[in-house]
Amino acid sequence: MSIQLKDNSLLKTQAYIDGQWVDGDTGATFEVRNPATGEVLANVASVGADETKRAIDAAEKAMASWKALPAKSRSDILERWYNLMLENQDDLAILMTAEQGKPLFESRGEVMYGASFMKWFAEEGKRVYGDVLPSTADRRSIVIKQPVGVVAAITPWNFPNAMITRKVAPALAVGCAIVLKPAAETPLSALALAELGERAGVPAGLFSVLPSANASAVGGEMTSNPTVKKLTFTGSTGVGKLLIKQCADTVKRTSMELGGNAPVIVFDDADLDKAVAGALTSKYRNSGQTCICANRLLVQDGIYDAFVEKFTAAVKEFRIGNGLEESTTHGPVITEKAVADIHAKVAAAVEQGATVETGGQLSELGSHFYEPTVLTNVTADMPLFKEEIFGPVAPVFKFGTEEEAIAMANDTEFGLASYVYTNDLGRVWRVSEGIDYGMVGVNETAISSEIIPFGGVKESGQGREGSKYGLDDYLETKYICIGGL
Ligand code: ADP
């Protein structure tokens, strides 16, 4: 590999099953490429259903003693894993930028964010409380919480580290075992995490990583195997719906973190500079490839022109390029197909009358880059109003009244993140309560952290990750009735 790590043993290319680094049964591998350069970074073992089944069997075995440990002992291991992530922050960030493309400063930030879930759930795992219910004279009714069982996780490429830790940390903290299929675009970050987990003392079998070029083979086993009691997924709504259907036969619990169509609603009374800055970060972070990215900027007519002018001027200052170069502010898009999909949405909007304020083209930098784009004269009948853009394109819609803004925000099947800029206290409450989203950022778009419940409503998913609520997804509630007192 052309990039150097301080600790090259963090670059793993085999699967990690039952505490062993192994090739797939068939010896098959797949290429992992740097999206900025097209360079092949590694050939990674590709596993299928049989290896997945072995990982699940090992998880079941490992879980028996893990769940019997005091919560503090599990917590100690997660804490060590957290410390190892911090110590190896630079290497984890380089690996992430190399395989995913985001600028190094974003990768470093994601490693910290990812590690924060280890620390948070190391602590929260010690606070799994039961309940004693009002009872009659001859009986006592008690509620206890128990680990849900073996968990299967499937994660995307846009956050190759944090989307894993916010599933793995709560699962392990409460006594579950977990098998993971990372995205084929970004398996190296997942495998490096497994290496650090092993060093932290995670027992064999408790956390297996199953890289694969055949997602449906691994996913098919995960969703049909009766030993798996829960599936947690982050990815597209289409695949999420398919996995929910597949889980129906064995009635598995599911947590789904799916697509979004986030509005940033900017009212006339907003602080213009803050609204522009917040919208810029939300829209263009990770080159627009996050599920909580601003998808639609909804701006009130009185502030519209000033907003567009400032916003567009700032976008023109971006420095697109290879994320490994420190001067890069915005990296590539993950694949050529993703670039083509983004451009198709822009072209369709322009065809229907949209104005390109800046960008609107494939970049001269190469086939994985798209020019940061701002569009005006956009309308609700254009595909980029209804569909997730997942790229560096900002359509700026105009609205007149508060009611209109709420109706536009809700005119989507999605309901993950939303953002509102206003200085009117009554409006803060009316709009926050009136829009159907799992998360609302008021005068703030950087809303994610380990202490908040991240998740969506409608077709954006079910369940919450992070916070005290994030444990619930990995716990069963059991009622015990003691009679005959
Ligand atoms: P994206 O479009 O962002 O790549 P996907 O939903 O396709 O989102 O991918 C998210 C994760 O789901 C990845 O790990 C991918 O390999 C996995 N995946 C895709 N299709 C399937 C499937 N049929 N079964 C199981 N996992 C799948």
# chains A, B, ... in the order shown; residues from 1 in each chain; ligands from 1

$ residues_around --residues "range 58-71 of chain A" --least-positions-apart "4" --cutoff "8 Å" --atoms "only C-alpha atoms" --output "count of residues only"
23

$ residues_near_ligand --ligand "ligand 1" --cutoff "7 Å" --atoms "only C-alpha atoms and all ligand atoms" --output "PyMOL selection string"
chain A and resi 154-157+181-184+215-216+218-220+234-240+243

$ residues_around --residues "range 411-424 of chain A" --least-positions-apart "2" --cutoff "6 Å" --atoms "only C-alpha atoms" --output "PyMOL selection string"
chain A and resi 260-267+269-270+292+408-409+426-427+436-443+456-460

$ closest_residue --among "A:Ile435, A:Ile482, A:Ile451, A:Val251" --to "Phe121 in chain A" --atoms "only C-alpha atoms"
A:Ile451

$ select_by_dssp --residues "range 212-258 of chain A" --states "helix (DSSP H, G or I)" --output "list in words"
Ala215, Ser216, Ala217, Val218, Gly219, Gly220, Glu221, Met222, Thr223, Ser224, Thr237, Gly238, Val239, Gly240, Lys241, Leu242, Leu243, Ile244, Lys245, Gln246, Cys247 and Ala248 of chain A
